[in-house]
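Novice: Input: one structure, supplied below.
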Amino acid sequence: MIHPMLFLIVALGYAIAFFLLGLYTDPRNSDESKVSFGSFELPLTFSYQRLFVLSLLGLYLEMLMIRWLSSEIRIFAYYKNLVLIACFLGFGLGCALCRRRVHPLAMAMPLLFFTIFVAAPLPGMHDAVVNLTTLIGMTSQVHIWSIPVPPTALDYTALAAAIAAVASLFGCIVFTFVPIGQVVGAMLETAPRGPRAYTVNVAGSLVGILLYTLMCFLYQPPAIWFLVAAVLFGVVFLRQRKAVLIFLGSCILVAAALTLWVDKTSRIYWSPYQKLALTPVWSNNEIVAYWLNTNDSFYQQIFNLSPDFLERHKNFLAGEDVNWNPYNIPYRFMSSPRSVLVLGAGMGNDVAAALRNTAAQVTAVEIDPLILKLGEMLHFERPYQSPRVRIINDDARSYIQNSRDKFDLILFSLLDSHTTASSYSNIRIDNFVYTGEAMSRARDLLNPDGLMIVKFWVDKDWIGERLSGLIQQAFHQAPFQVGSTSRYGTGGSFYIVGSAGAMRQISQNADLAKRVSLAHESRATLTTDDWPYSIKRTAACLLPSWAWAGS
């Protein structure tokens with residue numbers, strides 16, 4: 001169904017877009033008395049320094065918009081190319097309009113609109129944004145968590161409203177970049193030496209990318225991003241006081257709104273990769289857990305499953321057997337490994353479980369440095385402070401590809417990025433962990449009697465079939481499968497495979513044998529490094545079950 005707030009989003013977005021379109025198409029805008037407040041004529045006085053800062057500002061703003069909107073509007077986390085195309089289109093239109101007046105309102109008004117869209121404390125606005133993502137996501141062939149695929153009862157009227165809302169966002173993004181494109185285009189057109197000016201343009205763009213990257217690695221929030229953009233704008237247009245006041249004022253308003261209009265129950269962090277919202281869970285005036293969200297969806301948690309804590313909180317697990325808690329399950333199948341590799345260590349739950357259950361040396365691999373830091377600061381069992389733990393801040397595929405270490409137990413721990421590899425691709429950053437080549441390389445890191453366990457949240461049969469098929473292809477045997485759900489500890493499906501001896505021990509253990517089953521034969525297309533879309537459906541995956549017989 002259509003969320004009422006979607007109508008407000010559509011109406012406001014199109015009103016802004018058509019107003020700004022009128023500024024650029026009105027033939028009277030050459031008349032000083034008819035133009036909007038703060039507009040100015042081109043060309044400005046040419047200088048290589050100004051061209052450099054303008055180019056820097058353009059790429060800085062582009063990176064800012066791509067990351068900000070994809071973090072706040074979840075569907076863009078999977079389809080960042082849409083924001084990228086809008087940025088390029090706006091910049092290109094600006095270059096084409098480089099002989100017309102520049103309207104700073106074209107930058108200021110969309111920024112304020114986006115701020116209302118993603119941060120305003122209006123009743124129902126957050127639900128409308130989530131509803132927008134759900135409606136658009138139901139038409140996608142890329143699996144997005146919590147969104148039913150394929151659609152069962154798609155409301156096409158609601159879908160049309162959602163598409164209209166996205167189109168209004170697209171239009172506003174386009175206009176944001178028209179003024180910058182106008183001035184850069186005018187500078188390049190009037191440059192005394194074209195090749196040198198273009199070189200300066202490229203150099204400034206690269207510096208803009210580096211500046212924004214530095215901001216991200218310093219964990220700075222969007223409020224700081226916008227204030228830096230305002231300073232850069234002021235440096236370029238110092239003599240255009242009205243224009244500076246408009247853009248500077250809008251950036252300050254955006255920064256203030258993003259600082260003040262936040263959910264006070266959560267603390268927001270911005271890592272180099274994603275927006276993280278950390279929420280403490282209280283019980284009897286004591287913090288007993290932390291929940292971590294990214295892009296408005298659940299991501300990770302911190303739990304205390306130490307014997308001392310469970311002894312003091314006997315009802316914490318609500319009667320669940322702690323030995324079969326999802327974090328402890330791997331050590332029911334291998335009780336005394338000498339070395340453990342945890343891929344996707346997160347904030348430390350799997351590492352803490354390895355330390356509790358074994359005397360092993362543990363290698364913890366996690367790509368996000370801020371998540372590691374949160375685990376070091378907040379995890380109740382302090383796993384990352386243990387001398388038995390070696391922390392590797394790296395991508396899981398990069399580590400297994402380059403490591404020469406050997407392990408008794410390798411655990412793929414719910415590796416799921418919730419986002420894409422870059423602004424220029426719809427490949428997710430975890431895709432290359434779930435390919436045939438990656439599974440084969442992980443197999444090579446196992447000791448002769450080792451065991452590998454892949455833990456993944458499987459809510460579609462074809463995802464499970466793809467994972468089991470990849471494992472079977474690498475190990476030449478079907479993995480054991482066991483499912484787990486728990487109130488305290490993200491469960492999912494465990495795919496267990498290893499040496500013939502290790503698999504035989506599992507099948508001969510009566511308690512383990514009754515809990516596991518052999519994974520079904522895979523009917524899904526297996527992923528490779530050349531086609532790494534692990535959660536993208538293929539033509540085969542779209543067939544009804546009866547069609548498999550002849551495939």
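Naming scheme: A, B, ... for chains in displayed order of the structure tokens; residues 1 onward per chain; ligands 1 onward as shown.
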In region 129-228 of chain A, what's alpha helix (DSSP H) per DSSP? Answer as an MDAnalysis selection string?

Specialist: chainID A and resid 129:137 156:190 194:217 222:228

Novice: With a distance cut-off of 7 Å and only C-alpha atoms, select the neighbouring residues of region 53-66 of chain A, excluding the residue or stretch itself and same-chain residues fewer than 6 positions from it, and output the selection as a PyMOL selection string.

Specialist: chain A and resi 80+83-84+87+180+184+201+204-205+207-209+212+229+232+236+423

Novice: With N, CA, C and O atoms retained, export the selected residues as a PDB file, in the first residue's frame.

Specialist:
ATOM      1  N   LYS A  80      23.820   2.201  -6.221  1.00  0.00           N
ATOM      2  CA  LYS A  80      24.467   3.504  -6.147  1.00  0.00           C
ATOM      3  C   LYS A  80      24.661   4.114  -7.533  1.00  0.00           C
ATOM      4  O   LYS A  80      24.843   5.321  -7.664  1.00  0.00           O
ATOM      5  N   VAL A  83      22.466   7.179  -8.281  1.00  0.00           N
ATOM      6  CA  VAL A  83      22.936   8.469  -7.781  1.00  0.00           C
ATOM      7  C   VAL A  83      24.118   8.954  -8.623  1.00  0.00           C
ATOM      8  O   VAL A  83      24.224  10.140  -8.951  1.00  0.00           O
ATOM      9  N   LEU A  84      25.006   8.050  -8.972  1.00  0.00           N
ATOM     10  CA  LEU A  84      26.169   8.409  -9.783  1.00  0.00           C
ATOM     11  C   LEU A  84      25.748   8.989 -11.133  1.00  0.00           C
ATOM     12  O   LEU A  84      26.273  10.024 -11.576  1.00  0.00           O
ATOM     13  N   CYS A  87      24.442  12.498 -10.703  1.00  0.00           N
ATOM     14  CA  CYS A  87      25.536  13.462 -10.494  1.00  0.00           C
ATOM     15  C   CYS A  87      26.203  13.820 -11.820  1.00  0.00           C
ATOM     16  O   CYS A  87      26.437  15.006 -12.129  1.00  0.00           O
ATOM     17  N   ILE A 180      27.809  23.807 -10.359  1.00  0.00           N
ATOM     18  CA  ILE A 180      29.238  23.461 -10.399  1.00  0.00           C
ATOM     19  C   ILE A 180      29.666  23.177 -11.832  1.00  0.00           C
ATOM     20  O   ILE A 180      30.726  23.630 -12.298  1.00  0.00           O
ATOM     21  N   VAL A 184      32.637  25.180 -13.974  1.00  0.00           N
ATOM     22  CA  VAL A 184      33.768  24.414 -14.511  1.00  0.00           C
ATOM     23  C   VAL A 184      33.769  24.488 -16.030  1.00  0.00           C
ATOM     24  O   VAL A 184      34.821  24.679 -16.669  1.00  0.00           O
ATOM     25  N   ASN A 201      41.972  20.352 -14.060  1.00  0.00           N
ATOM     26  CA  ASN A 201      40.649  19.824 -13.736  1.00  0.00           C
ATOM     27  C   ASN A 201      40.732  18.391 -13.208  1.00  0.00           C
ATOM     28  O   ASN A 201      40.119  18.046 -12.180  1.00  0.00           O
ATOM     29  N   GLY A 204      42.491  18.372  -9.725  1.00  0.00           N
ATOM     30  CA  GLY A 204      41.583  18.804  -8.669  1.00  0.00           C
ATOM     31  C   GLY A 204      40.558  17.745  -8.324  1.00  0.00           C
ATOM     32  O   GLY A 204      40.223  17.545  -7.140  1.00  0.00           O
ATOM     33  N   SER A 205      40.044  17.054  -9.341  1.00  0.00           N
ATOM     34  CA  SER A 205      39.070  15.983  -9.099  1.00  0.00           C
ATOM     35  C   SER A 205      39.672  14.872  -8.247  1.00  0.00           C
ATOM     36  O   SER A 205      39.034  14.363  -7.314  1.00  0.00           O
ATOM     37  N   VAL A 207      42.148  15.123  -6.145  1.00  0.00           N
ATOM     38  CA  VAL A 207      42.336  15.625  -4.779  1.00  0.00           C
ATOM     39  C   VAL A 207      41.004  15.638  -4.038  1.00  0.00           C
ATOM     40  O   VAL A 207      40.934  15.352  -2.840  1.00  0.00           O
ATOM     41  N   GLY A 208      39.905  15.963  -4.750  1.00  0.00           N
ATOM     42  CA  GLY A 208      38.586  15.918  -4.133  1.00  0.00           C
ATOM     43  C   GLY A 208      38.231  14.536  -3.640  1.00  0.00           C
ATOM     44  O   GLY A 208      37.676  14.366  -2.546  1.00  0.00           O
ATOM     45  N   ILE A 209      38.549  13.522  -4.442  1.00  0.00           N
ATOM     46  CA  ILE A 209      38.307  12.136  -4.032  1.00  0.00           C
ATOM     47  C   ILE A 209      39.145  11.799  -2.802  1.00  0.00           C
ATOM     48  O   ILE A 209      38.653  11.185  -1.837  1.00  0.00           O
ATOM     49  N   TYR A 212      37.719  13.509   0.367  1.00  0.00           N
ATOM     50  CA  TYR A 212      36.537  12.838   0.915  1.00  0.00           C
ATOM     51  C   TYR A 212      36.917  11.499   1.540  1.00  0.00           C
ATOM     52  O   TYR A 212      36.391  11.122   2.603  1.00  0.00           O
ATOM     53  N   ALA A 229      32.314  21.244   2.529  1.00  0.00           N
ATOM     54  CA  ALA A 229      31.839  21.667   1.198  1.00  0.00           C
ATOM     55  C   ALA A 229      31.521  23.156   1.191  1.00  0.00           C
ATOM     56  O   ALA A 229      31.819  23.861   0.211  1.00  0.00           O
ATOM     57  N   LEU A 232      34.774  25.121   0.928  1.00  0.00           N
ATOM     58  CA  LEU A 232      35.314  25.077  -0.430  1.00  0.00           C
ATOM     59  C   LEU A 232      34.525  26.003  -1.356  1.00  0.00           C
ATOM     60  O   LEU A 232      35.100  26.703  -2.198  1.00  0.00           O
ATOM     61  N   VAL A 236      35.894  29.493  -3.516  1.00  0.00           N
ATOM     62  CA  VAL A 236      35.758  29.711  -4.965  1.00  0.00           C
ATOM     63  C   VAL A 236      34.973  30.980  -5.274  1.00  0.00           C
ATOM     64  O   VAL A 236      35.341  31.763  -6.155  1.00  0.00           O
ATOM     65  N   SER A 423      30.937   2.914  -5.747  1.00  0.00           N
ATOM     66  CA  SER A 423      29.894   3.738  -6.341  1.00  0.00           C
ATOM     67  C   SER A 423      29.694   3.413  -7.820  1.00  0.00           C
ATOM     68  O   SER A 423      28.758   3.901  -8.434  1.00  0.00           O
TER      69      SER A 423
END

Novice: Can you list every residue of region 188-255 of chain A that has an atom at most 10 Å from region 41-49 of chain A, with its nearest atom pair and the distance in Å to one decimal, using only C-alpha atoms, ordered by chain then number, as a tab-separated table?

Specialist:
residue	atom	partner	partner_atom	distance
A:Leu188	CA	A:Phe46	CA	8.8
A:Glu189	CA	A:Pro43	CA	9.1
A:Thr190	CA	A:Phe46	CA	7.0
A:Ala191	CA	A:Phe46	CA	6.8
A:Pro192	CA	A:Phe46	CA	8.8
A:Arg196	CA	A:Tyr48	CA	8.9
A:Ala197	CA	A:Tyr48	CA	6.9
A:Tyr198	CA	A:Tyr48	CA	10.0
A:Val200	CA	A:Tyr48	CA	6.9
A:Asn201	CA	A:Tyr48	CA	8.7
A:Gly204	CA	A:Gln49	CA	9.4
A:Val236	CA	A:Gln49	CA	9.0
A:Phe237	CA	A:Leu44	CA	9.4

Novice: Env of Ser507 (chain A): 12 Å cut, atoms = only C-alpha atoms, seq-sep filter 5 positions within chain, self excluded. Answer as a ChimeraX atom specification.

Specialist: /A:333,479-481,496-497,500-502,512-518

Novice: Taking only residues of region 345-428 of chain A that have an atom at most 9 Å from an atom of region 328-332 of chain A, what is each one's shortest atom pair and its distance in Å to one decimal, using only C-alpha atoms, in chain and number order, as CSV?

Specialist:
residue,atom,partner,partner_atom,distance
A:Asp350,CA,A:Asn328,CA,8.0
A:Ala353,CA,A:Asn328,CA,5.9
A:Ala354,CA,A:Tyr331,CA,7.7
A:Arg356,CA,A:Asn328,CA,8.8
A:Asn357,CA,A:Tyr331,CA,6.6
A:Thr358,CA,A:Tyr331,CA,7.9
A:Leu409,CA,A:Pro330,CA,8.7
A:Leu411,CA,A:Pro330,CA,7.9

Novice: Output N, CA, C and O atoms of each residue in that selection to a file, as a PDB file, in the first residue's frame.

Specialist:
ATOM      1  N   ASP A 350      31.988 -14.291  17.633  1.00  0.00           N
ATOM      2  CA  ASP A 350      32.555 -15.583  17.214  1.00  0.00           C
ATOM      3  C   ASP A 350      33.951 -15.779  17.787  1.00  0.00           C
ATOM      4  O   ASP A 350      34.344 -16.913  18.096  1.00  0.00           O
ATOM      5  N   ALA A 353      33.506 -16.820  21.347  1.00  0.00           N
ATOM      6  CA  ALA A 353      33.088 -18.225  21.420  1.00  0.00           C
ATOM      7  C   ALA A 353      34.271 -19.157  21.234  1.00  0.00           C
ATOM      8  O   ALA A 353      34.384 -20.181  21.925  1.00  0.00           O
ATOM      9  N   ALA A 354      35.169 -18.818  20.314  1.00  0.00           N
ATOM     10  CA  ALA A 354      36.364 -19.647  20.108  1.00  0.00           C
ATOM     11  C   ALA A 354      37.230 -19.670  21.360  1.00  0.00           C
ATOM     12  O   ALA A 354      37.765 -20.724  21.741  1.00  0.00           O
ATOM     13  N   ARG A 356      36.188 -19.179  24.480  1.00  0.00           N
ATOM     14  CA  ARG A 356      35.475 -19.885  25.559  1.00  0.00           C
ATOM     15  C   ARG A 356      35.552 -21.389  25.396  1.00  0.00           C
ATOM     16  O   ARG A 356      35.670 -22.133  26.368  1.00  0.00           O
ATOM     17  N   ASN A 357      35.454 -21.844  24.165  1.00  0.00           N
ATOM     18  CA  ASN A 357      35.282 -23.278  23.913  1.00  0.00           C
ATOM     19  C   ASN A 357      36.579 -24.027  23.646  1.00  0.00           C
ATOM     20  O   ASN A 357      36.589 -25.256  23.674  1.00  0.00           O
ATOM     21  N   THR A 358      37.663 -23.299  23.350  1.00  0.00           N
ATOM     22  CA  THR A 358      38.896 -23.969  22.955  1.00  0.00           C
ATOM     23  C   THR A 358      40.097 -23.252  23.569  1.00  0.00           C
ATOM     24  O   THR A 358      39.970 -22.173  24.144  1.00  0.00           O
ATOM     25  N   LEU A 409      40.266 -25.106  11.966  1.00  0.00           N
ATOM     26  CA  LEU A 409      38.864 -24.739  11.778  1.00  0.00           C
ATOM     27  C   LEU A 409      38.794 -23.372  11.099  1.00  0.00           C
ATOM     28  O   LEU A 409      39.423 -22.407  11.551  1.00  0.00           O
ATOM     29  N   LEU A 411      35.932 -20.571   9.866  1.00  0.00           N
ATOM     30  CA  LEU A 411      34.536 -20.195  10.023  1.00  0.00           C
ATOM     31  C   LEU A 411      34.225 -18.963   9.185  1.00  0.00           C
ATOM     32  O   LEU A 411      34.817 -17.899   9.375  1.00  0.00           O
TER      33      LEU A 411
END

Novice: Would you pick out the contacts of region 401-406 of chain A at 12 Å or less, using only C-alpha atoms, so that residues sharing its chain but fewer than 3 positions from it are not included, and give the list as a ChimeraX atom specification?

Specialist: /A:337-341,361-363,365,392,394-398,409-410,432-433,437-452

Novice: Distance CA of Pro195 (chain A)-CA of Gly94 (chain A), one decimal place?

Specialist: 20.4 Å
